[in-house]
>>> print(open('input18.tsv').read())   # TSV, C-alpha atoms and all ligand atoms
chain	number	residue	atom	x	y	z
A	1	MET	CA	1.06	-23.09	31.44
A	2	LYS	CA	4.24	-21.14	30.88
A	3	CYS	CA	4.74	-22.99	27.61
A	4	THR	CA	1.32	-22.01	26.31
A	5	VAL	CA	2.07	-18.38	26.89
A	6	ILE	CA	5.33	-18.61	24.97
A	7	ILE	CA	3.69	-20.39	22.04
A	8	ALA	CA	0.94	-17.80	21.85
A	9	PHE	CA	3.52	-15.05	21.83
A	10	CYS	CA	5.52	-16.65	19.05
A	11	SER	CA	2.54	-17.14	16.80
A	12	LEU	CA	1.75	-13.44	17.12
A	13	ALA	CA	5.12	-12.68	15.61
A	14	THR	CA	4.41	-14.46	12.31
A	15	GLY	CA	3.72	-12.50	9.17
A	16	ALA	CA	0.32	-14.07	8.61
A	17	VAL	CA	-1.06	-12.56	11.79
A	18	ALA	CA	0.87	-9.33	11.38
A	19	GLY	CA	-0.66	-8.68	7.95
A	20	HIS	CA	-4.22	-9.49	8.94
A	21	GLU	CA	-5.89	-6.26	7.76
A	22	LEU	CA	-5.60	-7.61	4.23
A	23	ASP	CA	-7.15	-10.99	5.00
A	24	ASP	CA	-10.78	-11.82	4.17
A	25	ARG	CA	-11.24	-8.72	2.04
A	26	ASP	CA	-13.50	-8.09	-0.96
A	27	VAL	CA	-10.77	-8.49	-3.56
A	28	ALA	CA	-13.16	-8.26	-6.55
A	29	GLY	CA	-14.64	-5.05	-5.14
A	30	GLY	CA	-11.13	-3.77	-4.58
A	31	GLN	CA	-10.28	-4.48	-8.21
A	32	THR	CA	-13.25	-2.40	-9.38
A	33	LEU	CA	-12.31	0.46	-7.06
A	34	TYR	CA	-8.72	0.23	-8.24
A	35	ALA	CA	-9.85	0.60	-11.87
A	36	ASP	CA	-12.01	3.62	-10.98
A	37	HIS	CA	-9.62	5.49	-8.69
A	38	CYS	CA	-6.04	4.30	-9.11
A	39	ALA	CA	-5.49	2.89	-12.60
A	40	ALA	CA	-5.28	6.32	-14.26
A	41	CYS	CA	-1.92	6.87	-12.57
A	42	HIS	CA	-0.72	3.45	-11.40
A	43	GLY	CA	-1.76	1.68	-14.62
A	44	ALA	CA	-4.57	-0.67	-15.60
A	45	ASN	CA	-2.19	-3.57	-15.03
A	46	LEU	CA	-0.48	-1.99	-12.00
A	47	GLU	CA	2.50	-1.19	-14.23
A	48	GLY	CA	2.94	2.42	-13.04
A	49	GLN	CA	3.94	5.39	-15.18
A	50	PRO	CA	6.91	5.37	-17.60
A	51	ASP	CA	10.28	6.28	-16.04
A	52	TRP	CA	8.67	6.13	-12.61
A	53	ARG	CA	12.03	6.42	-10.85
A	54	SER	CA	12.80	9.84	-12.44
A	55	PRO	CA	11.34	12.98	-10.85
A	56	ASP	CA	9.91	15.63	-13.18
A	57	GLU	CA	11.20	19.23	-13.37
A	58	ASN	CA	9.36	20.05	-10.12
A	59	GLY	CA	10.92	17.14	-8.27
A	60	VAL	CA	7.69	15.13	-8.25
A	61	LEU	CA	8.00	11.42	-8.90
A	62	PRO	CA	5.64	9.66	-11.34
A	63	ALA	CA	3.31	6.96	-9.98
A	64	PRO	CA	5.22	3.74	-9.25
A	65	PRO	CA	3.93	0.32	-10.27
A	66	HIS	CA	1.98	-1.66	-7.68
A	67	ASP	CA	3.02	-4.97	-9.21
A	68	GLU	CA	6.00	-6.92	-7.95
A	69	THR	CA	8.46	-4.75	-9.94
A	70	GLY	CA	7.66	-1.68	-7.77
A	71	HIS	CA	8.29	-0.99	-4.12
A	72	THR	CA	4.72	-1.11	-2.81
A	73	TRP	CA	5.43	-4.52	-1.24
A	74	HIS	CA	8.44	-3.07	0.60
A	75	HIS	CA	6.02	-1.20	2.89
A	76	ASP	CA	3.89	-2.37	5.77
A	77	ASN	CA	0.09	-2.26	5.64
A	78	ARG	CA	-0.18	0.84	7.80
A	79	LEU	CA	2.03	2.93	5.51
A	80	LEU	CA	0.19	1.75	2.38
A	81	PHE	CA	-3.14	2.55	4.01
A	82	GLU	CA	-2.09	6.02	5.15
A	83	TYR	CA	-0.43	6.85	1.84
A	84	THR	CA	-3.79	6.20	0.19
A	85	GLN	CA	-6.00	7.73	2.87
A	86	LEU	CA	-3.97	10.89	3.57
A	87	GLY	CA	-1.95	11.27	0.38
A	88	GLY	CA	1.83	11.04	0.10
A	89	ALA	CA	2.79	14.39	1.60
A	90	GLU	CA	0.65	14.02	4.72
A	91	ALA	CA	1.55	10.35	5.27
A	92	LEU	CA	5.23	11.24	5.14
A	93	SER	CA	4.95	14.32	7.32
A	94	ALA	CA	3.24	12.13	9.96
A	95	ARG	CA	6.55	10.20	9.90
A	96	GLY	CA	8.69	13.31	10.25
A	97	ILE	CA	9.48	13.78	6.54
A	98	THR	CA	8.20	17.25	5.72
A	99	GLY	CA	8.16	19.30	2.55
A	100	PHE	CA	8.06	16.28	0.23
A	101	ALA	CA	6.29	17.12	-3.03
A	102	SER	CA	4.25	13.96	-3.55
A	103	GLY	CA	2.06	13.29	-6.57
A	104	MET	CA	-0.06	10.85	-4.59
A	105	PRO	CA	-3.45	12.47	-3.82
A	106	ARG	CA	-5.51	12.07	-0.66
A	107	PHE	CA	-8.50	9.69	-0.85
A	108	ALA	CA	-9.95	10.11	2.65
A	109	ASP	CA	-12.95	12.04	1.33
A	110	VAL	CA	-13.60	9.63	-1.54
A	111	LEU	CA	-12.97	6.14	-0.16
A	112	SER	CA	-13.96	4.51	3.13
A	113	ASP	CA	-11.42	2.65	5.24
A	114	ASP	CA	-12.85	-0.66	4.01
A	115	ASP	CA	-12.62	0.52	0.39
A	116	ILE	CA	-8.93	1.28	0.88
A	117	TRP	CA	-8.20	-2.09	2.53
A	118	ASP	CA	-10.11	-3.88	-0.28
A	119	ILE	CA	-8.02	-2.09	-2.91
A	120	LEU	CA	-4.79	-2.94	-1.08
A	121	ALA	CA	-5.94	-6.56	-0.79
A	122	PHE	CA	-6.55	-6.62	-4.55
A	123	ILE	CA	-3.06	-5.20	-5.15
A	124	ARG	CA	-1.55	-7.82	-2.84
A	125	SER	CA	-3.50	-10.60	-4.56
A	126	THR	CA	-1.58	-9.92	-7.78
A	127	TRP	CA	1.81	-10.61	-6.13
A	128	PRO	CA	3.44	-14.06	-6.16
A	129	ASP	CA	3.25	-15.94	-2.85
A	130	ARG	CA	6.92	-15.22	-2.13
A	131	ILE	CA	6.37	-11.45	-2.40
A	132	GLN	CA	3.17	-11.65	-0.32
A	133	ALA	CA	5.13	-13.41	2.42
A	134	LEU	CA	7.93	-10.83	2.29
A	135	GLN	CA	5.44	-7.97	2.56
A	136	ALA	CA	3.62	-9.66	5.45
A	137	ASP	CA	6.94	-9.79	7.31
A	138	ARG	CA	7.25	-6.00	7.01
A	139	ASN	CA	4.35	-5.66	9.41
A	140	PRO	CA	5.24	-5.40	13.07
A	141	PRO	CA	3.07	-7.69	15.22
A	142	HIS	CA	-0.09	-5.88	16.30
A	143	ASN	CA	-3.72	-6.52	17.13
B	201	LIG	C1	-3.05	11.42	-9.72
B	201	LIG	C2	-2.26	10.22	-9.81
B	201	LIG	C3	-2.47	9.15	-8.76
B	201	LIG	C4	-3.64	8.49	-8.43
B	201	LIG	C5	-5.01	8.68	-9.04
B	201	LIG	C6	-3.28	7.51	-7.43
B	201	LIG	N1	-1.95	7.59	-7.13
B	201	LIG	FE1	-0.93	6.49	-5.75
B	201	LIG	N2	0.76	7.48	-6.16
B	201	LIG	C7	0.88	8.47	-7.12
B	201	LIG	C8	2.25	8.94	-7.15
B	201	LIG	C9	2.79	10.02	-8.09
B	201	LIG	C10	2.94	8.19	-6.18
B	201	LIG	C11	4.42	8.33	-5.79
B	201	LIG	C12	4.28	9.26	-4.65
B	201	LIG	C13	5.39	9.84	-4.01
B	201	LIG	O1	6.46	9.95	-4.58
B	201	LIG	O2	5.11	10.24	-2.86
B	201	LIG	C14	1.98	7.29	-5.58
B	201	LIG	C15	2.26	6.41	-4.55
B	201	LIG	C16	1.37	5.54	-3.99
B	201	LIG	C17	1.67	4.63	-2.91
B	201	LIG	C18	3.03	4.44	-2.24
B	201	LIG	C19	3.58	3.28	-3.01
B	201	LIG	C20	4.99	2.97	-2.95
B	201	LIG	O3	5.37	2.06	-3.72
B	201	LIG	O4	5.74	3.61	-2.23
B	201	LIG	C21	0.53	3.93	-2.66
B	201	LIG	C22	0.32	2.82	-1.63
B	201	LIG	C23	-0.47	4.41	-3.58
B	201	LIG	N3	0.07	5.40	-4.35
B	201	LIG	C24	-1.75	3.90	-3.64
B	201	LIG	C25	-2.73	4.40	-4.49
B	201	LIG	C26	-4.08	3.88	-4.52
B	201	LIG	C27	-4.57	2.70	-3.70
B	201	LIG	C28	-4.76	4.65	-5.42
B	201	LIG	C29	-6.22	4.58	-5.75
B	201	LIG	C30	-7.13	4.67	-4.64
B	201	LIG	C31	-3.83	5.64	-5.94
B	201	LIG	N4	-2.61	5.44	-5.37
B	201	LIG	C32	-4.16	6.62	-6.87
B	201	LIG	C33	-0.10	8.97	-7.94
B	201	LIG	C34	-1.42	8.58	-7.93
>>> encode(input="input18.tsv", output="structure tokens")
Amino acid sequence: MKCTVIIAFCSLATGAVAGHELDDRDVAGGQTLYADHCAACHGANLEGQPDWRSPDENGVLPAPPHDETGHTWHHDNRLLFEYTQLGGAEALSARGITGFASGMPRFADVLSDDDIWDILAFIRSTWPDRIQALQADRNPPHN
């Protein structure tokens, strides 16, 4: 009995379970939504804007790539979701980083929660397995 409990606990700690919001999503639908709402800035092929690491004269960063060359996969699902839902400035201020001039707009009034998860699942689907596994491990275990 004790053993069973320990095994159940350990399996909760694996990345596959931790990243479950992105499982069983409508990836094709997410791709269409990405083209309509995100590609203008993040690129039709998720390549981001030129010189995306260099802020402009107002200190605002260009849109980073969402492919494996960017840092999207460095973040857990919750941050990626909130960055899209709330926009960059609000998502960061919820984490105590205030006054950040972010070029990432808020999509809460345009996209449903499921839309956002579908788009993020599409983005993830373009990453190699190794990167998908690394990103899954960024997610703390949760229900
Ligand atoms: C008007 C341009 C624009 C549009 C449209 C846009 N973004 Fe962004 N996005 C940005 C910029 C600029 C950043 C970098 C933000 C920053 O520095 O806070 C960013 C950052 C992000 C990040 C954080 C990524 C990271 O690597 O840290 C996510 C996630 C994201 N965008 C998702 C989306 C999704 C999903 C869509 C479509 C629903 C979208 N964005 C549409 C401009 C845009």
>>> atom_distance(input="input18.tsv", atom1="CA of Ile123 (chain A)", atom2="CA of Ile97 (chain A)")
25.6 Å
>>> residues_around(input="input18.tsv", residues="Cys38 (chain A)", least_positions_apart="2", cutoff="12 Å", atoms="all atoms listed in the file", output="PyMOL selection string")
chain A and resi 30-36+40-49+63-66+84+104-107+110-111+116+119-120+122-123
>>> closest_residue(input="input18.tsv", among="A:Leu92, A:Asp23, A:Arg124, A:Gly87", to="His74 (chain A)", atoms="all atoms listed in the file")
A:Arg124
>>> closest_residue(input="input18.tsv", among="A:Arg95, A:Arg78, A:Arg53, A:His37", to="ligand LIG 201 (chain B)", atoms="all atoms listed in the file")
A:His37
>>> atom_distance(input="input18.tsv", atom1="atom C8 of ligand LIG 201 (chain B)", atom2="CA of His142 (chain A)")
27.8 Å
>>> closest_residue(input="input18.tsv", among="A:Asp114, A:Asp51, A:Asp137, A:Asp26", to="Gln85 (chain A)", atoms="all atoms listed in the file")
A:Asp114
>>> closest_residue(input="input18.tsv", among="A:Leu80, A:Leu86, A:Val60, A:Ala28", to="Ala108 (chain A)", atoms="only C-alpha atoms")
A:Leu86
>>> residues_around(input="input18.tsv", residues="Gln135 (chain A)", least_positions_apart="6", cutoff="8 Å", atoms="only C-alpha atoms", output="JSON, numbers by chain")
{"A": [73, 74, 75, 76]}
>>> closest_residue(input="input18.tsv", among="A:Trp52, A:Glu68, A:Gly29, A:Gly103", to="ligand LIG 201 (chain B)", atoms="all atoms listed in the file")
A:Gly103
>>> closest_residue(input="input18.tsv", among="A:Leu134, A:Ala121, A:Asn139, A:Trp127", to="Thr69 (chain A)", atoms="all atoms listed in the file")
A:Trp127
>>> residues_near_point(input="input18.tsv", point="(3.9, 10.0, -0.6)", cutoff="6 Å", atoms="all atoms listed in the file", output="list in words")
Tyr83, Gly88, Ala89, Ser102 and Met104 of chain A
>>> atom_distance(input="input18.tsv", atom1="CA of Asp115 (chain A)", atom2="CA of His71 (chain A)")
21.4 Å
>>> axis_aligned_box(input="input18.tsv", around="ligand LIG 201 (chain B)", padding_each_side="4 Å", output="JSON")
{"center_x": -0.3, "center_y": 6.7, "center_z": -5.7, "size_x": 21.6, "size_y": 17.4, "size_z": 16.2}
>>> build_atoms(input="input18.tsv", residues="region 109-131 of chain A", atoms="N, CA and C atoms", output="short mmCIF file (atom, residue, chain, number, x, y, z; two decimals), in the frame of the given file")
data_model
loop_
_atom_site.label_atom_id
_atom_site.label_comp_id
_atom_site.auth_asym_id
_atom_site.auth_seq_id
_atom_site.Cartn_x
_atom_site.Cartn_y
_atom_site.Cartn_z
N ASP A 109 -11.60 11.52 1.55
CA ASP A 109 -12.95 12.04 1.33
C ASP A 109 -13.70 11.26 0.25
N VAL A 110 -13.01 10.34 -0.40
CA VAL A 110 -13.60 9.63 -1.54
C VAL A 110 -13.85 8.15 -1.19
N LEU A 111 -12.92 7.58 -0.44
CA LEU A 111 -12.97 6.14 -0.16
C LEU A 111 -13.08 5.90 1.35
N SER A 112 -13.89 4.90 1.72
CA SER A 112 -13.96 4.51 3.13
C SER A 112 -12.72 3.69 3.50
N ASP A 113 -12.54 3.48 4.80
CA ASP A 113 -11.42 2.65 5.24
C ASP A 113 -11.50 1.26 4.60
N ASP A 114 -12.70 0.68 4.60
CA ASP A 114 -12.85 -0.66 4.01
C ASP A 114 -12.53 -0.65 2.51
N ASP A 115 -12.96 0.41 1.82
CA ASP A 115 -12.62 0.52 0.39
C ASP A 115 -11.10 0.45 0.20
N ILE A 116 -10.39 1.21 1.04
CA ILE A 116 -8.93 1.28 0.88
C ILE A 116 -8.31 -0.09 1.16
N TRP A 117 -8.75 -0.75 2.24
CA TRP A 117 -8.20 -2.09 2.53
C TRP A 117 -8.54 -3.07 1.40
N ASP A 118 -9.75 -2.97 0.82
CA ASP A 118 -10.11 -3.88 -0.28
C ASP A 118 -9.20 -3.66 -1.48
N ILE A 119 -8.91 -2.38 -1.78
CA ILE A 119 -8.02 -2.09 -2.91
C ILE A 119 -6.63 -2.65 -2.63
N LEU A 120 -6.13 -2.44 -1.42
CA LEU A 120 -4.79 -2.94 -1.08
C LEU A 120 -4.76 -4.47 -1.12
N ALA A 121 -5.88 -5.09 -0.72
CA ALA A 121 -5.94 -6.56 -0.79
C ALA A 121 -5.93 -7.03 -2.24
N PHE A 122 -6.61 -6.27 -3.11
CA PHE A 122 -6.55 -6.62 -4.55
C PHE A 122 -5.11 -6.51 -5.05
N ILE A 123 -4.45 -5.39 -4.70
CA ILE A 123 -3.06 -5.20 -5.15
C ILE A 123 -2.20 -6.38 -4.65
N ARG A 124 -2.35 -6.71 -3.38
CA ARG A 124 -1.55 -7.82 -2.84
C ARG A 124 -1.85 -9.13 -3.56
N SER A 125 -3.12 -9.32 -3.94
CA SER A 125 -3.50 -10.60 -4.56
C SER A 125 -2.80 -10.84 -5.89
N THR A 126 -2.26 -9.76 -6.49
CA THR A 126 -1.58 -9.92 -7.78
C THR A 126 -0.12 -10.32 -7.60
N TRP A 127 0.40 -10.29 -6.36
CA TRP A 127 1.81 -10.61 -6.13
C TRP A 127 1.98 -12.13 -5.98
N PRO A 128 3.14 -12.65 -6.42
CA PRO A 128 3.44 -14.06 -6.16
C PRO A 128 3.49 -14.33 -4.65
N ASP A 129 3.26 -15.57 -4.28
CA ASP A 129 3.25 -15.94 -2.85
C ASP A 129 4.50 -15.47 -2.12
N ARG A 130 5.65 -15.58 -2.78
CA ARG A 130 6.92 -15.22 -2.13
C ARG A 130 6.91 -13.74 -1.75
N ILE A 131 6.41 -12.90 -2.66
CA ILE A 131 6.37 -11.45 -2.40
C ILE A 131 5.32 -11.15 -1.31
#
